[in-house]
Each structure stands twice: as structure tokens, then as C-alpha cells.
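Text of data11.cif (mmCIF, C-alpha atoms) as supplied:
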```cif
data_structure
loop_
_atom_site.label_atom_id
_atom_site.label_comp_id
_atom_site.auth_asym_id
_atom_site.auth_seq_id
_atom_site.Cartn_x
_atom_site.Cartn_y
_atom_site.Cartn_z
CA MET A 226 102.90 108.18 123.39
CA ASP A 227 102.58 111.83 124.15
CA ARG A 228 104.51 114.63 122.53
CA GLU A 229 107.28 114.71 125.13
CA GLN A 230 107.87 110.97 124.86
CA CYS A 231 108.05 111.23 121.09
CA LEU A 232 110.51 114.11 121.16
CA GLY A 233 112.56 112.25 123.75
CA LEU A 234 112.89 109.28 121.42
CA LEU A 235 113.85 111.52 118.52
CA GLN A 236 116.80 112.74 120.56
CA THR A 237 118.23 109.22 120.64
CA VAL A 238 118.82 108.96 116.87
CA ARG A 239 120.46 111.09 114.21
CA VAL A 240 118.94 109.80 110.98
CA GLY A 241 115.38 110.26 109.85
CA ARG A 242 113.40 110.56 106.65
CA LEU A 243 111.93 113.65 105.11
CA VAL A 244 108.69 113.03 103.24
CA PHE A 245 107.62 115.63 100.74
CA THR A 246 106.10 116.05 97.34
CA GLU A 247 108.25 116.16 94.23
CA ASP A 248 106.75 116.52 90.79
CA ALA A 249 103.34 115.86 92.34
CA LEU A 250 104.48 112.48 93.68
CA PRO A 251 105.45 111.44 97.20
CA ALA A 252 109.20 111.40 97.81
CA VAL A 253 111.25 110.15 100.73
CA GLN A 254 114.82 111.14 101.48
CA PRO A 255 117.06 110.05 104.37
CA VAL A 256 118.39 113.01 106.31
CA ASN A 257 120.53 113.82 109.30
CA PHE A 258 118.68 115.83 111.88
CA ARG A 259 118.78 117.31 115.34
CA LEU A 260 116.16 118.55 117.70
CA TYR A 261 116.76 122.26 118.18
CA ARG A 262 114.55 124.38 120.40
CA GLY A 263 111.79 121.85 120.09
CA GLN A 264 111.90 121.79 116.29
CA VAL A 265 113.39 119.27 113.89
CA VAL A 266 116.36 120.71 112.01
CA ILE A 267 117.58 118.83 108.97
CA ARG A 268 121.01 119.27 107.46
CA VAL A 269 121.17 118.85 103.73
CA ALA A 270 124.57 118.82 102.06
CA GLY A 271 124.18 120.87 98.93
CA GLY A 272 120.55 119.89 98.55
CA ALA A 273 119.49 123.08 96.85
CA LYS A 274 116.67 121.30 95.08
CA LEU A 275 115.36 119.82 98.29
CA ALA A 276 115.75 123.10 100.13
CA ALA A 277 113.81 124.92 97.45
CA ALA A 278 111.10 122.29 97.60
CA THR A 279 110.47 122.97 101.26
CA GLY A 280 109.41 126.62 101.10
CA ASN A 281 106.86 126.69 103.89
CA ILE A 282 105.06 123.60 102.63
CA VAL A 283 103.81 120.95 105.02
CA VAL A 284 106.14 117.96 105.15
CA ALA A 285 106.43 114.85 107.24
CA PHE A 286 109.54 113.81 109.08
CA GLN A 287 109.87 110.31 110.42
CA ALA A 288 112.45 108.42 112.46
CA ASP A 289 112.36 104.98 113.98
CA GLU A 290 114.25 102.13 115.54
CA LEU A 291 112.80 98.80 114.48
CA ASP A 292 113.75 95.17 114.52
CA PRO A 293 113.35 93.25 111.25
CA ASP A 294 110.04 91.68 112.25
CA LEU A 295 108.47 94.80 113.74
CA ARG A 296 108.22 93.13 117.13
CA THR A 297 109.96 95.80 119.10
CA GLY A 298 110.92 99.38 118.49
CA TRP A 299 109.32 102.71 117.93
CA SER A 300 108.38 105.13 115.19
CA VAL A 301 107.76 108.85 115.49
CA THR A 302 106.32 111.11 112.80
CA VAL A 303 106.35 114.89 112.81
CA VAL A 304 104.14 116.88 110.47
CA GLY A 305 104.64 120.59 110.05
CA HIS A 306 105.70 123.47 107.90
CA ALA A 307 109.25 123.33 106.57
CA ASN A 308 111.43 126.38 106.14
CA LEU A 309 114.97 127.03 105.13
CA ILE A 310 116.90 128.66 107.98
CA THR A 311 118.43 131.83 106.59
CA ASP A 312 119.17 133.91 109.70
CA VAL A 313 122.97 133.87 110.05
CA ALA A 314 123.04 133.89 113.86
CA GLU A 315 120.59 131.01 113.97
CA LEU A 316 122.55 129.14 111.30
CA VAL A 317 125.73 129.36 113.32
CA ASP A 318 123.88 128.25 116.43
CA VAL A 319 122.20 125.32 114.70
CA ALA A 320 125.38 124.23 112.95
CA GLY A 321 127.11 124.06 116.33
CA THR A 322 124.89 121.14 117.31
CA TRP A 323 126.56 119.03 114.66
CA LEU A 324 129.93 117.44 115.26
CA GLN A 325 131.02 118.06 111.70
CA PRO A 326 131.70 121.76 111.31
CA TRP A 327 129.54 123.82 109.06
CA VAL A 328 131.56 125.45 106.33
CA ASP A 329 129.85 128.05 104.22
CA GLY A 330 131.68 126.86 101.12
CA ARG A 331 130.07 123.45 101.40
CA ARG A 332 126.69 125.03 100.74
CA ASP A 333 124.92 122.95 103.36
CA HIS A 334 121.33 123.90 103.97
CA PHE A 335 119.47 123.67 107.24
CA ILE A 336 115.74 123.13 107.10
CA ARG A 337 113.48 123.59 110.08
CA VAL A 338 110.42 121.38 110.35
CA GLN A 339 107.98 122.72 112.88
CA THR A 340 106.73 120.07 115.29
CA GLN A 341 103.11 121.03 114.80
CA LYS A 342 101.83 117.47 114.92
CA VAL A 343 103.84 114.79 116.66
CA THR A 344 102.67 111.19 116.75
CA GLY A 345 104.40 107.98 117.64
CA ARG A 346 103.94 104.44 118.67
CA ARG A 347 105.92 101.76 120.36
CA LEU A 348 105.86 98.26 119.00
CA HIS A 349 105.64 95.35 121.39
CA ALA A 350 106.25 91.68 120.82
CA PRO A 351 102.97 89.82 120.25
CA LEU A 352 104.03 87.26 122.83
CA ALA A 353 104.59 89.91 125.45
CA ALA A 354 101.35 91.62 124.55
CA THR A 355 99.30 88.47 125.07
CA ALA A 356 101.19 87.17 128.12
CA MET B 281 120.93 102.72 90.64
CA ASP B 282 118.69 101.11 88.09
CA ARG B 283 115.43 99.38 88.82
CA GLU B 284 116.96 95.92 89.15
CA GLN B 285 119.58 97.10 91.62
CA CYS B 286 116.92 98.82 93.71
CA LEU B 287 114.68 95.75 93.79
CA GLY B 288 117.71 93.62 94.65
CA LEU B 289 118.41 95.77 97.69
CA LEU B 290 114.78 95.64 98.77
CA GLN B 291 115.07 91.86 98.92
CA THR B 292 117.72 92.16 101.62
CA VAL B 293 115.44 93.76 104.23
CA ARG B 294 112.01 93.05 105.67
CA VAL B 295 110.95 96.35 107.15
CA GLY B 296 110.02 99.47 105.22
CA ARG B 297 107.78 102.48 105.54
CA LEU B 298 104.50 103.16 103.84
CA VAL B 299 103.88 106.81 103.10
CA PHE B 300 100.33 107.85 102.44
CA THR B 301 97.86 110.60 103.11
CA GLU B 302 95.66 110.54 106.18
CA ASP B 303 93.22 113.31 106.93
CA ALA B 304 94.86 115.36 104.17
CA LEU B 305 98.24 115.15 105.93
CA PRO B 306 101.27 113.02 105.15
CA ALA B 307 101.54 109.88 107.27
CA VAL B 308 104.31 107.33 107.65
CA GLN B 309 103.91 103.84 109.03
CA PRO B 310 106.52 101.10 109.47
CA VAL B 311 105.49 97.89 107.71
CA ASN B 312 106.74 94.41 107.06
CA PHE B 313 106.99 93.67 103.37
CA ARG B 314 108.12 91.21 100.75
CA LEU B 315 108.82 91.49 97.09
CA TYR B 316 106.31 89.28 95.31
CA ARG B 317 106.26 88.97 91.53
CA GLY B 318 108.09 92.24 91.22
CA GLN B 319 105.64 94.14 93.41
CA VAL B 320 105.93 95.25 97.02
CA VAL B 321 103.48 93.40 99.26
CA ILE B 322 102.87 94.80 102.71
CA ARG B 323 101.41 92.82 105.57
CA VAL B 324 99.27 94.80 107.95
CA ALA B 325 98.06 93.11 111.11
CA GLY B 326 94.49 94.19 111.51
CA GLY B 327 95.12 97.53 109.86
CA ALA B 328 91.65 97.93 108.46
CA LYS B 329 91.96 101.69 108.51
CA LEU B 330 95.23 101.59 106.65
CA ALA B 331 93.92 99.04 104.20
CA ALA B 332 90.89 101.17 103.48
CA ALA B 333 93.09 104.19 102.95
CA THR B 334 95.00 102.48 100.17
CA GLY B 335 92.18 101.91 97.71
CA ASN B 336 94.07 102.37 94.46
CA ILE B 337 95.65 105.62 95.57
CA VAL B 338 99.27 106.39 94.83
CA VAL B 339 101.50 105.77 97.82
CA ALA B 340 105.21 105.72 98.46
CA PHE B 341 107.06 102.84 100.01
CA GLN B 342 110.58 103.31 101.28
CA ALA B 343 113.23 101.07 102.80
CA ASP B 344 116.83 101.73 103.68
CA GLU B 345 119.92 100.65 105.51
CA LEU B 346 121.81 103.63 106.86
CA ASP B 347 124.56 104.34 109.32
CA PRO B 348 123.89 107.11 111.88
CA ASP B 349 125.86 109.74 109.98
CA LEU B 350 124.54 108.90 106.52
CA ARG B 351 128.03 108.03 105.33
CA THR B 352 127.23 104.62 103.99
CA GLY B 353 124.08 102.76 103.12
CA TRP B 354 121.25 102.92 100.66
CA SER B 355 117.66 104.06 100.34
CA VAL B 356 115.08 102.88 97.83
CA THR B 357 111.68 104.44 97.22
CA VAL B 358 108.84 102.89 95.29
CA VAL B 359 105.89 104.97 94.12
CA GLY B 360 102.80 103.31 92.77
CA HIS B 361 99.16 102.47 93.16
CA ALA B 362 98.25 100.52 96.28
CA ASN B 363 95.56 97.87 96.36
CA LEU B 364 94.27 95.46 98.91
CA ILE B 365 94.82 91.87 97.76
CA THR B 366 91.46 90.14 97.89
CA ASP B 367 91.88 87.14 95.58
CA VAL B 368 91.98 84.11 97.87
CA ALA B 369 94.44 82.07 95.81
CA GLU B 370 96.79 85.03 95.62
CA LEU B 371 96.39 85.69 99.35
CA VAL B 372 97.40 82.14 100.21
CA ASP B 373 100.35 82.38 97.84
CA VAL B 374 101.50 85.73 99.20
CA ALA B 375 101.04 84.67 102.81
CA GLY B 376 103.30 81.69 102.16
CA THR B 377 106.24 84.05 101.67
CA TRP B 378 106.05 85.01 105.34
CA LEU B 379 107.51 82.81 108.03
CA GLN B 380 104.67 83.58 110.38
CA PRO B 381 101.58 81.77 109.12
CA TRP B 382 98.63 83.73 107.92
CA VAL B 383 95.53 82.96 109.91
CA ASP B 384 92.27 84.31 108.61
CA GLY B 385 91.08 84.99 112.15
CA ARG B 386 93.90 87.44 112.72
CA ARG B 387 92.42 89.70 110.06
CA ASP B 388 95.76 90.50 108.50
CA HIS B 389 95.61 92.52 105.33
CA PHE B 390 97.98 92.32 102.42
CA ILE B 391 98.47 95.43 100.35
CA ARG B 392 100.18 95.42 96.98
CA VAL B 393 102.15 98.48 95.97
CA GLN B 394 102.88 98.48 92.26
CA THR B 395 106.51 99.25 91.49
CA GLN B 396 105.63 101.85 88.90
CA LYS B 397 108.45 104.20 89.84
CA VAL B 398 111.52 102.85 91.57
CA THR B 399 114.35 105.14 92.61
CA GLY B 400 117.28 104.66 94.91
CA ARG B 401 120.64 105.90 95.86
CA ARG B 402 123.70 104.62 97.60
CA LEU B 403 125.48 106.78 100.11
CA HIS B 404 129.24 106.89 100.11
CA ALA B 405 131.65 108.23 102.68
CA PRO B 406 132.73 111.78 101.81
CA LEU B 407 136.36 110.76 102.30
CA ALA B 408 136.05 107.99 99.76
CA ALA B 409 134.26 110.27 97.35
CA THR B 410 137.02 112.86 97.37
CA ALA B 411 139.93 110.40 97.41
#
```

Is it possible to give me this structure as C-alpha cells?
Amino acid sequence: MDREQCLGLLQTVRVGRLVFTEDALPAVQPVNFRLYRGQVVIRVAGGAKLAAATGNIVVAFQADELDPDLRTGWSVTVVGHANLITDVAELVDVAGTWLQPWVDGRRDHFIRVQTQKVTGRRLHAPLAATA
Amino acid sequence: MDREQCLGLLQTVRVGRLVFTEDALPAVQPVNFRLYRGQVVIRVAGGAKLAAATGNIVVAFQADELDPDLRTGWSVTVVGHANLITDVAELVDVAGTWLQPWVDGRRDHFIRVQTQKVTGRRLHAPLAATA
């Protein structure tokens, strides 16, 4: 799949997984996300630790829709630099893409993952593939 | 959740994600898996490249069940050394845990991820949490 197809699939789901390094070990955390101006924006409720961990490091973000036997579905992975969004105007704009309102007191963080490398693949049933 | 609870949840699903490093960048690939003797065993159909990439390196394996707004569900991550299973007796034993038969000609690979570090968390609805 090309980049546009991958980004198109990402727009059909709201949950993905952020992959980063924590204490020198790989870590995976489910996150809510949106595509915003061609970038992946992750909303982290109070995740100060996670937000701090993503200071311009390269992370992976992955989302998929899969059946239990991996016969059909898709998976898309984005690799890019992650940054905390701190510009107030941008924060308000980004937060507006979520149904749940953004309240400053909740201390939500929004992390932008640049879509520098976008890869994906569709899974097909073996039967269909050999038919 | 403790280790036993995490492993118990892993036994309820068949699809997870292997997180590893490819070309010095993080990579994520959906995989079918089973718990086998307390370890995660991943079946890769013809994934010679993937199998080669997991030569005793530390990888992460993650599985989850999540609703679209991350209100309920769980996520479990395993971090440990990954090794290709090459012992024939063990291969036959492991392959028997899959419904689809293992045929040598298909060149499936089985990768064991040691459950050296097992972490997980359950998500709860915010309303329930504040009630």
C-alpha cells in the first residue's frame, strides 16, 4: 500500500499503539489518536511520564484491524519523531477533533508523531490468494 | 495486574503484535501466537526475514482487547529474548497447538519470546472510576 492508502485506513479507526523505549526496553501503550494535518496526534490523559519520554525521539505508531486468524485485515505503522504539542492555538485546534472536550484541568497531553515513514499491508485469506 | 493475570488474558486471544528493530528503526508486525509452556510462541508463515531478525535479541510482544475510545479493555506487553525454535520434537509439539496443521513445505517459522518481563493494565470507564 502506498502512503495515501495507509493514511486513509488510519482515518477509519481511533485506537492505535505507541511504541517507544522505556528504561532501555521496548514499551507499547494503547492510545487514542487522530490524523491531523497529515500527522498522527495522540491524546494522553495525564500521561506526563509518557509525554516526557517522547521529546523528539523516534517512535513507532501502529494501528490495525485484524481477524483472529490473521486472514483478513490491515496493519499500518508510522515511524517518526514525536513531540509534545505546546502551542496553545494548535492545542485548541487539535482538541476540537475529539468528541470529548479538552479541559485544561485534566492535564491531557497531545503528542504529534510525524508521518516520516508510513508502511502498511493488507492481509488476504490464503484461500482467496491461491484461488 | 500480576504476571498470572496477564498470561491468563493472553490465552484469550490469538493475535498480537511483535515489536522489533528493523534497519535501526522500530517495526511492528501482527502475528498469530500461542502461550506454550509459559512462553509466547509466534507463528510466522515464511517470514524468514523476521525470523532472522529475532536471533536472541530482546523484542516486545503486545496483545490487547480495546474498545474504540479506550474506556474498557486490557493490554499486555511481554518483553524478552526471541529465538527461533529449531528443535524438531519441540516444533512438532508447538505446531500441534495450532488448528491449522504445520507443513514443513510451507516454511513456517516458530519464534519463542521469553516472558521475562510481563506487564499489563486494564482500562476502566472514567465514569466508573469516579463513581

Can you build me a table of chain A residues sitting at most 8 Å from chain B, with the closest atom pair per residue and its distance in Å to one decimal, using all atoms listed in the file, sorted by chain and residue number, as JSON lines?
```
{"residue": "A:Val238", "atom": "CA", "partner": "B:Pro348", "partner_atom": "CA", "distance": 7.4}
{"residue": "A:Arg239", "atom": "CA", "partner": "B:Pro348", "partner_atom": "CA", "distance": 5.7}
{"residue": "A:Val240", "atom": "CA", "partner": "B:Pro348", "partner_atom": "CA", "distance": 5.7}
{"residue": "A:Val244", "atom": "CA", "partner": "B:Pro306", "partner_atom": "CA", "distance": 7.7}
{"residue": "A:Leu250", "atom": "CA", "partner": "B:Val359", "partner_atom": "CA", "distance": 7.7}
{"residue": "A:Pro251", "atom": "CA", "partner": "B:Ala340", "partner_atom": "CA", "distance": 5.9}
{"residue": "A:Ala252", "atom": "CA", "partner": "B:Ala340", "partner_atom": "CA", "distance": 7.0}
{"residue": "A:Val253", "atom": "CA", "partner": "B:Thr357", "partner_atom": "CA", "distance": 6.7}
{"residue": "A:Gln254", "atom": "CA", "partner": "B:Ser355", "partner_atom": "CA", "distance": 7.7}
{"residue": "A:Pro255", "atom": "CA", "partner": "B:Ser355", "partner_atom": "CA", "distance": 7.2}
{"residue": "A:Val256", "atom": "CA", "partner": "B:Leu350", "partner_atom": "CA", "distance": 7.4}
{"residue": "A:Asn257", "atom": "CA", "partner": "B:Asp349", "partner_atom": "CA", "distance": 6.7}
{"residue": "A:Val284", "atom": "CA", "partner": "B:Pro306", "partner_atom": "CA", "distance": 6.9}
{"residue": "A:Ala285", "atom": "CA", "partner": "B:Pro306", "partner_atom": "CA", "distance": 5.9}
{"residue": "A:Gln287", "atom": "CA", "partner": "B:Val308", "partner_atom": "CA", "distance": 6.9}
{"residue": "A:Leu291", "atom": "CA", "partner": "B:Val295", "partner_atom": "CA", "distance": 7.9}
{"residue": "A:Asp292", "atom": "CA", "partner": "B:Val295", "partner_atom": "CA", "distance": 8.0}
{"residue": "A:Pro293", "atom": "CA", "partner": "B:Val295", "partner_atom": "CA", "distance": 5.7}
{"residue": "A:Asp294", "atom": "CA", "partner": "B:Asn312", "partner_atom": "CA", "distance": 6.7}
{"residue": "A:Leu295", "atom": "CA", "partner": "B:Asn312", "partner_atom": "CA", "distance": 6.9}
{"residue": "A:Ser300", "atom": "CA", "partner": "B:Pro310", "partner_atom": "CA", "distance": 7.2}
{"residue": "A:Thr302", "atom": "CA", "partner": "B:Val308", "partner_atom": "CA", "distance": 6.7}
{"residue": "A:Val304", "atom": "CA", "partner": "B:Pro306", "partner_atom": "CA", "distance": 7.2}
```

Coordinates-based distance that separates CA of Thr311 (chain A) from CA of Leu260 (chain A) (Å, one decimal): 17.5 Å

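Comparing B:Ile365, B:His389, B:Thr292, B:His404 by their smallest distance to Gly353 (chain B), the closest is B:His404 (using all atoms listed in the file).
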
For region 247-260 of chain A, I'd like the enclosing box, axis-aligned and padded by 4 Å on every side, reported as JSON with centre and edge lengths in Å to one decimal.
```
{"center_x": 111.9, "center_y": 114.3, "center_z": 104.2, "size_x": 25.2, "size_y": 16.5, "size_z": 34.9}
```

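The two atoms in question, CA of Arg268 (chain A) and CA of Ile336 (chain A), are spaced 6.5 Å apart.
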
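Straight-line separation from CA of Gly321 (chain A) to CA of Ala276 (chain A): 19.8 Å.
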
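Applying the 8 Å criterion to (113.4, 118.3, 125.0) in file coordinates and using only C-alpha atoms, one obtains the residues Glu229, Leu232, Gly233, Gln236, Leu260, Arg262 and Gly263 of chain A.
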
Residues as selected, C-alpha atoms, written as an mmCIF file, in the coordinates of the input, can you do that?
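Result went into selection_4.cif, see below:
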```
data_model
loop_
_atom_site.group_PDB
_atom_site.id
_atom_site.type_symbol
_atom_site.label_atom_id
_atom_site.label_comp_id
_atom_site.auth_asym_id
_atom_site.auth_seq_id
_atom_site.Cartn_x
_atom_site.Cartn_y
_atom_site.Cartn_z
ATOM 1 C CA GLU A 229 107.280 114.710 125.130
ATOM 2 C CA LEU A 232 110.510 114.110 121.160
ATOM 3 C CA GLY A 233 112.560 112.250 123.750
ATOM 4 C CA GLN A 236 116.800 112.740 120.560
ATOM 5 C CA LEU A 260 116.160 118.550 117.700
ATOM 6 C CA ARG A 262 114.550 124.380 120.400
ATOM 7 C CA GLY A 263 111.790 121.850 120.090
#
```

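Shortest atom-to-atom contact with Arg347 (chain A) among A:Leu275, A:Val265, A:Val313, A:Cys231: A:Cys231, counting all atoms listed in the file.
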
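When all atoms listed in the file are used to compute distances to Thr279 (chain A), the closest of the residues A:Thr340, A:Thr322, A:Asn308, A:Gln230 turns out to be A:Asn308.
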